[in-house]
Amino acid sequence: MAFGHLSARELAELWPDGGAHPHVAKCDDCRAEYDALAQVFLAARDAADEADEHFTPDRLAAQHAHILRRLENAERPARVLPFPLSTRPFPSVRNGARRWIAAAAAAGLLTGIVAGRAFEFGNSWRNSPRVQTETQTLASSSRPPVLTAGTAMANDERLLREIEDALVEPRVDELRAIDALTPRVREASLGR
Amino acid sequence: MTGAARPAPVVAAREADTRAAAAVKALRAAGDHAAARDRFAELVSRHQRRASRIAFHYLRDAAEADEAVQDAFVKAYSHLASFREALPFEVWFTRILINGCLDRIKARGRRERWIVPIEAAGDASVPVARGLSPEATLLSRERRRALAGALAKLPERQRTVFVLSQVEGHSAREVGEMTGLNESTVRVHLFRAIRRLRKLLTETL
């Protein structure tokens with residue numbers, strides 16, 4: 001008790017019956033101090049009530065159920081997912097059909113090899129001098145030329161040359177006048 | 001200021017807690033998990049209201065407090081092997097809960113540094129106290145708001161001591177067991193908290 005008054009600690013110790021204390025009842029200063037401290041305790045009591053208002057019985061029941069569910073889940077052994085294999089087997093092909101498929105594949109392979117060989121042989125035969133002479137003879141004859149791989153390149157060359165000549169000098173009479181007026185860009189580019 | 005010797009029902013409840021916790025431990029050791037959970041459910045029922053209140057005072061958000069309580073019970077269950085019967089279950093559990101709440105407050109602080117806060121919902125989110133007149137409800141609400149603001153300004157230790165002793169009604173010895181402080185230190189922190197709160201509340205109210 002300092003200067004005849006109760007200390008704040010002593011006043012706090014008197015809660016909640018401090019109002020009935022003989023000194024507090026008589027001393028205005030101590031009464032005021034006690035009332036100020038009482039605000040703190042009242043606020044603490046209200047604070048407890050406030051939490052209770054938020055946590056209603058229903059909410060607590062839900063919380064309880066949630067906790068137990070979490071405990072159950074935590075204890076359950078980890079689920080191992082099986083490797084995603086198909087439950088139904090792939091559609092099986094009958095043995096006879098499988099044999100036919102294998103035979104067809106083998107035949108296809110064999111045909112491919114034979115055709116490849118024949119193509120190579122044909123190329124080498126056409127490139128021989130005797131065959132080239134025969135080709136020229138055939139080209140000069142009235143019969144339409146038979147395009148083979150060897151002659152194809154020569155024919156292409158000839159065709160391109162003809163196009164070039166046609167471009168250099170138009171053979172259509174109606175176009176000659178226009179051609180005379182047109183700058184000879186192509187000639188310049190060809191360096192003629 | 002703080003509760004004196006515990007009345008007989010409280011002592012009986014504590015003994016029941018200790019028995020239940022020991023039974024849960026034994027059942028889990030025996031591999032009877034379903035029975036262990038059933039016994040633990042008793043502990044949850046007995047402590048969840050008090051736990052929710054404590055968490056709410058720390059977090060000031062009912063949904064987050066709910067989560068904190070759930071986490072604390074799950075943690076307590078999974079770490080029950082480390083529980084020693086010498087300490088009341090309530091004390092041991094409250095320590096887990098408070099640590100969880102403090103972790104959440106720290107995490108919230110980190111989040112708030114990066115996220116723009118949404119305006120508080122205001123009074124609409126606060127339920128109306130039942131059985132109180134409108135004036136009393138308003139006054140009570142004002143006091144709560146002022147206390148919440150003032151508590152937030154207290155150092156962490158003073159706030160913990162105040163909430164546990166004044167809001168939850170634990171004795172200085174129990175608060176000491178929960179916080180790891182000795183009894184006289186708890187009293188000092190409690191008195192400092194009250195003095196500070198008195199000053200802050202006088203300025204506010």
# chains A, B, ... in the order shown; residues from 1 in each chain; ligands from 1
>>> residues_around(residues="Ser78 (chain B)", least_positions_apart="5", cutoff="12 Å", atoms="only C-alpha atoms", output="ChimeraX atom specification")
/A:70-72,74-75 /B:21,24-25,28-29,33,36-37,40,71-73,83,96
>>> write_last_selection(atoms="C-alpha atoms", output="CSV table (one decimal), in the first residue's frame")
chain,number,residue,atom,x,y,z
A,70,ARG,CA,-8.6,-36.6,-40.3
A,71,LEU,CA,-7.2,-39.0,-37.8
A,72,GLU,CA,-8.8,-41.9,-39.6
A,74,ALA,CA,-3.9,-40.2,-41.4
A,75,GLU,CA,-3.8,-43.8,-40.1
B,21,ALA,CA,-4.4,-40.4,-23.0
B,24,VAL,CA,-5.0,-44.2,-26.4
B,25,LYS,CA,-1.3,-44.7,-26.3
B,28,ARG,CA,-2.2,-47.5,-30.6
B,29,ALA,CA,0.8,-49.6,-29.5
B,33,HIS,CA,-6.4,-47.8,-34.1
B,36,ALA,CA,-7.7,-45.6,-29.9
B,37,ARG,CA,-9.6,-43.0,-32.0
B,40,PHE,CA,-9.2,-39.9,-28.2
B,71,ASP,CA,-4.3,-29.3,-36.5
B,72,ALA,CA,-3.5,-29.3,-32.8
B,73,PHE,CA,-5.6,-32.4,-32.1
B,83,PHE,CA,3.2,-37.4,-23.8
B,96,ILE,CA,0.9,-27.6,-28.9
>>> closest_atom_pairs(of="chain B", to="chain A", cutoff="9 Å", atoms="only C-alpha atoms", output="JSON lines")
{"residue": "B:Met1", "atom": "CA", "partner": "A:Glu13", "partner_atom": "CA", "distance": 4.6}
{"residue": "B:Thr2", "atom": "CA", "partner": "A:Glu13", "partner_atom": "CA", "distance": 8.0}
{"residue": "B:His33", "atom": "CA", "partner": "A:Glu75", "partner_atom": "CA", "distance": 7.7}
{"residue": "B:Ala34", "atom": "CA", "partner": "A:Glu72", "partner_atom": "CA", "distance": 8.0}
{"residue": "B:Arg37", "atom": "CA", "partner": "A:Leu68", "partner_atom": "CA", "distance": 7.1}
{"residue": "B:Asp38", "atom": "CA", "partner": "A:Leu68", "partner_atom": "CA", "distance": 8.6}
{"residue": "B:Phe40", "atom": "CA", "partner": "A:Leu68", "partner_atom": "CA", "distance": 8.7}
{"residue": "B:Ala41", "atom": "CA", "partner": "A:Leu68", "partner_atom": "CA", "distance": 7.1}
{"residue": "B:Val44", "atom": "CA", "partner": "A:His64", "partner_atom": "CA", "distance": 6.8}
{"residue": "B:Ser45", "atom": "CA", "partner": "A:His64", "partner_atom": "CA", "distance": 7.0}
{"residue": "B:Gln48", "atom": "CA", "partner": "A:Leu60", "partner_atom": "CA", "distance": 7.3}
{"residue": "B:Arg49", "atom": "CA", "partner": "A:Leu60", "partner_atom": "CA", "distance": 7.2}
{"residue": "B:Ser52", "atom": "CA", "partner": "A:Phe55", "partner_atom": "CA", "distance": 7.2}
{"residue": "B:Arg53", "atom": "CA", "partner": "A:Ala51", "partner_atom": "CA", "distance": 5.1}
{"residue": "B:Ile54", "atom": "CA", "partner": "A:Ala51", "partner_atom": "CA", "distance": 8.4}
{"residue": "B:Phe56", "atom": "CA", "partner": "A:Ala51", "partner_atom": "CA", "distance": 6.3}
{"residue": "B:His57", "atom": "CA", "partner": "A:Ala51", "partner_atom": "CA", "distance": 7.6}
{"residue": "B:Arg60", "atom": "CA", "partner": "A:Ala51", "partner_atom": "CA", "distance": 9.0}
{"residue": "B:Ala62", "atom": "CA", "partner": "A:His54", "partner_atom": "CA", "distance": 6.5}
{"residue": "B:Asp66", "atom": "CA", "partner": "A:Gln63", "partner_atom": "CA", "distance": 7.1}
{"residue": "B:Glu67", "atom": "CA", "partner": "A:Gln63", "partner_atom": "CA", "distance": 8.7}
{"residue": "B:Val69", "atom": "CA", "partner": "A:Gln63", "partner_atom": "CA", "distance": 8.5}
{"residue": "B:Gln70", "atom": "CA", "partner": "A:Ile67", "partner_atom": "CA", "distance": 5.6}
{"residue": "B:Asp71", "atom": "CA", "partner": "A:Ile67", "partner_atom": "CA", "distance": 8.1}
{"residue": "B:Phe73", "atom": "CA", "partner": "A:Ile67", "partner_atom": "CA", "distance": 7.1}
{"residue": "B:Val74", "atom": "CA", "partner": "A:Leu71", "partner_atom": "CA", "distance": 6.3}
{"residue": "B:Tyr77", "atom": "CA", "partner": "A:Leu71", "partner_atom": "CA", "distance": 7.8}
{"residue": "B:Ser78", "atom": "CA", "partner": "A:Leu71", "partner_atom": "CA", "distance": 8.4}
{"residue": "B:Val126", "atom": "CA", "partner": "A:His54", "partner_atom": "CA", "distance": 7.6}
{"residue": "B:Pro127", "atom": "CA", "partner": "A:Glu53", "partner_atom": "CA", "distance": 6.2}
{"residue": "B:Val128", "atom": "CA", "partner": "A:Glu53", "partner_atom": "CA", "distance": 7.7}
{"residue": "B:Ala129", "atom": "CA", "partner": "A:Glu53", "partner_atom": "CA", "distance": 6.8}
{"residue": "B:Arg130", "atom": "CA", "partner": "A:Glu53", "partner_atom": "CA", "distance": 8.4}
{"residue": "B:Ser140", "atom": "CA", "partner": "A:Asp46", "partner_atom": "CA", "distance": 6.3}
{"residue": "B:Arg141", "atom": "CA", "partner": "A:Asp46", "partner_atom": "CA", "distance": 8.0}
{"residue": "B:Arg143", "atom": "CA", "partner": "A:Ala43", "partner_atom": "CA", "distance": 5.4}
{"residue": "B:Arg144", "atom": "CA", "partner": "A:Ala47", "partner_atom": "CA", "distance": 5.6}
{"residue": "B:Arg145", "atom": "CA", "partner": "A:Ala47", "partner_atom": "CA", "distance": 8.9}
{"residue": "B:Ala146", "atom": "CA", "partner": "A:Ala43", "partner_atom": "CA", "distance": 8.1}
{"residue": "B:Leu147", "atom": "CA", "partner": "A:Ala43", "partner_atom": "CA", "distance": 6.1}
{"residue": "B:Ala148", "atom": "CA", "partner": "A:Ala47", "partner_atom": "CA", "distance": 8.2}
{"residue": "B:Phe162", "atom": "CA", "partner": "A:Ala44", "partner_atom": "CA", "distance": 8.7}
{"residue": "B:Val163", "atom": "CA", "partner": "A:Ala44", "partner_atom": "CA", "distance": 7.8}
{"residue": "B:Gln166", "atom": "CA", "partner": "A:Ala44", "partner_atom": "CA", "distance": 6.2}
{"residue": "B:Val167", "atom": "CA", "partner": "A:Ala44", "partner_atom": "CA", "distance": 5.2}
{"residue": "B:Glu168", "atom": "CA", "partner": "A:Ala48", "partner_atom": "CA", "distance": 7.4}
{"residue": "B:Phe191", "atom": "CA", "partner": "A:Arg9", "partner_atom": "CA", "distance": 6.7}
{"residue": "B:Ile194", "atom": "CA", "partner": "A:Val40", "partner_atom": "CA", "distance": 6.9}
{"residue": "B:Arg195", "atom": "CA", "partner": "A:Ala8", "partner_atom": "CA", "distance": 7.7}
{"residue": "B:Leu197", "atom": "CA", "partner": "A:Val40", "partner_atom": "CA", "distance": 6.5}
{"residue": "B:Arg198", "atom": "CA", "partner": "A:Leu37", "partner_atom": "CA", "distance": 5.7}
{"residue": "B:Lys199", "atom": "CA", "partner": "A:Ala36", "partner_atom": "CA", "distance": 8.4}
{"residue": "B:Leu201", "atom": "CA", "partner": "A:Val40", "partner_atom": "CA", "distance": 7.2}
{"residue": "B:Thr202", "atom": "CA", "partner": "A:Ala36", "partner_atom": "CA", "distance": 6.9}
>>> atom_distance(atom1="CA of Asn123 (chain A)", atom2="CA of Ala104 (chain A)")
28.6 Å
>>> select_by_dssp(residues="region 59-201 of chain B", states="alpha helix (DSSP H)", output="ChimeraX atom specification")
/B:59,62-78,89-114,134-152,156-162,172-179,183-201
>>> write_last_selection(atoms="C-alpha atoms", output="tab-separated table (two decimals), in the first residue's frame")
chain	number	residue	atom	x	y	z
B	59	LEU	CA	-6.06	-15.55	-34.44
B	62	ALA	CA	-13.17	-18.22	-36.35
B	63	ALA	CA	-12.36	-20.24	-39.47
B	64	GLU	CA	-8.63	-20.07	-38.90
B	65	ALA	CA	-9.09	-20.87	-35.22
B	66	ASP	CA	-11.11	-23.90	-36.23
B	67	GLU	CA	-8.28	-25.10	-38.46
B	68	ALA	CA	-5.70	-24.45	-35.77
B	69	VAL	CA	-7.69	-26.54	-33.27
B	70	GLN	CA	-8.04	-29.39	-35.73
B	71	ASP	CA	-4.33	-29.31	-36.50
B	72	ALA	CA	-3.48	-29.29	-32.80
B	73	PHE	CA	-5.63	-32.35	-32.08
B	74	VAL	CA	-4.24	-34.26	-35.05
B	75	LYS	CA	-0.71	-33.37	-33.97
B	76	ALA	CA	-1.41	-34.35	-30.37
B	77	TYR	CA	-2.77	-37.71	-31.50
B	78	SER	CA	0.16	-38.46	-33.75
B	89	PHE	CA	-2.96	-33.58	-20.90
B	90	GLU	CA	-4.60	-30.15	-20.97
B	91	VAL	CA	-1.29	-28.43	-20.34
B	92	TRP	CA	0.59	-30.51	-22.89
B	93	PHE	CA	-2.12	-30.03	-25.50
B	94	THR	CA	-2.43	-26.27	-24.88
B	95	ARG	CA	1.28	-25.90	-25.51
B	96	ILE	CA	0.87	-27.62	-28.90
B	97	LEU	CA	-2.12	-25.41	-29.68
B	98	ILE	CA	-0.40	-22.14	-28.75
B	99	ASN	CA	2.68	-23.03	-30.79
B	100	GLY	CA	0.43	-23.76	-33.75
B	101	CYS	CA	-1.37	-20.44	-33.34
B	102	LEU	CA	1.91	-18.53	-33.12
B	103	ASP	CA	3.14	-20.27	-36.27
B	104	ARG	CA	-0.04	-19.23	-38.02
B	105	ILE	CA	0.37	-15.62	-36.89
B	106	LYS	CA	3.91	-15.60	-38.25
B	107	ALA	CA	2.73	-17.12	-41.53
B	108	ARG	CA	-0.05	-14.55	-41.73
B	109	GLY	CA	2.48	-11.76	-41.23
B	110	ARG	CA	4.54	-13.12	-44.09
B	111	ARG	CA	1.45	-13.38	-46.31
B	112	GLU	CA	0.33	-9.86	-45.49
B	113	ARG	CA	3.62	-8.47	-46.66
B	114	TRP	CA	2.80	-9.74	-50.14
B	134	PRO	CA	-28.97	-3.95	-27.41
B	135	GLU	CA	-27.05	-1.46	-25.22
B	136	ALA	CA	-25.26	-4.21	-23.35
B	137	THR	CA	-24.48	-6.00	-26.62
B	138	LEU	CA	-23.07	-2.80	-28.08
B	139	LEU	CA	-20.98	-2.10	-24.99
B	140	SER	CA	-19.74	-5.65	-24.90
B	141	ARG	CA	-18.83	-5.48	-28.57
B	142	GLU	CA	-16.96	-2.22	-28.03
B	143	ARG	CA	-15.05	-3.72	-25.14
B	144	ARG	CA	-14.16	-6.80	-27.16
B	145	ARG	CA	-12.94	-4.72	-30.05
B	146	ALA	CA	-10.91	-2.53	-27.73
B	147	LEU	CA	-9.45	-5.56	-25.97
B	148	ALA	CA	-8.58	-7.25	-29.24
B	149	GLY	CA	-6.78	-4.11	-30.38
B	150	ALA	CA	-5.01	-3.73	-27.06
B	151	LEU	CA	-4.03	-7.40	-26.86
B	152	ALA	CA	-2.48	-7.14	-30.29
B	156	GLU	CA	3.67	-12.15	-27.22
B	157	ARG	CA	4.48	-13.55	-23.77
B	158	GLN	CA	2.27	-11.07	-21.92
B	159	ARG	CA	-0.56	-11.77	-24.29
B	160	THR	CA	-0.27	-15.53	-23.83
B	161	VAL	CA	-0.18	-15.23	-20.07
B	162	PHE	CA	-3.15	-12.88	-20.03
B	172	ALA	CA	-0.27	-19.07	-12.58
B	173	ARG	CA	1.22	-22.51	-12.04
B	174	GLU	CA	-0.70	-24.01	-14.95
B	175	VAL	CA	0.16	-21.12	-17.20
B	176	GLY	CA	3.78	-21.64	-16.19
B	177	GLU	CA	3.56	-25.30	-17.20
B	178	MET	CA	1.97	-24.43	-20.51
B	179	THR	CA	4.43	-21.72	-21.40
B	183	GLU	CA	5.20	-19.20	-11.63
B	184	SER	CA	6.63	-15.89	-10.40
B	185	THR	CA	7.57	-14.90	-13.96
B	186	VAL	CA	4.00	-15.63	-15.03
B	187	ARG	CA	2.72	-13.33	-12.30
B	188	VAL	CA	5.07	-10.56	-13.38
B	189	HIS	CA	4.03	-10.90	-17.03
B	190	LEU	CA	0.39	-11.02	-16.07
B	191	PHE	CA	0.59	-7.88	-13.98
B	192	ARG	CA	2.49	-6.02	-16.70
B	193	ALA	CA	-0.12	-7.13	-19.23
B	194	ILE	CA	-2.98	-5.94	-17.04
B	195	ARG	CA	-1.31	-2.59	-16.40
B	196	ARG	CA	-0.64	-2.08	-20.08
B	197	LEU	CA	-4.14	-3.13	-21.08
B	198	ARG	CA	-5.64	-0.86	-18.47
B	199	LYS	CA	-3.78	2.07	-20.00
B	200	LEU	CA	-4.72	1.13	-23.56
B	201	LEU	CA	-8.36	0.49	-22.74
>>> atom_distance(atom1="CA of Ala35 (chain B)", atom2="CA of His79 (chain B)")
17.0 Å
>>> residues_around(residues="Cys30 (chain A)", least_positions_apart="6", cutoff="9 Å", atoms="only C-alpha atoms", output="MDAnalysis selection string")
chainID A and resid 5:8 11 23:24
>>> atom_distance(atom1="CA of Asp29 (chain A)", atom2="CA of Gly4 (chain A)")
10.5 Å
>>> residues_around(residues="Arg19 (chain B)", least_positions_apart="2", cutoff="12 Å", atoms="only C-alpha atoms", output="ChimeraX atom specification")
/B:12-17,21-26,39-40,42-43,84-86,88-89
>>> closest_residue(among="A:Ile101, A:Ala32, A:Ala166, A:Met153", to="Asp179 (chain A)", atoms="only C-alpha atoms")
A:Ala166
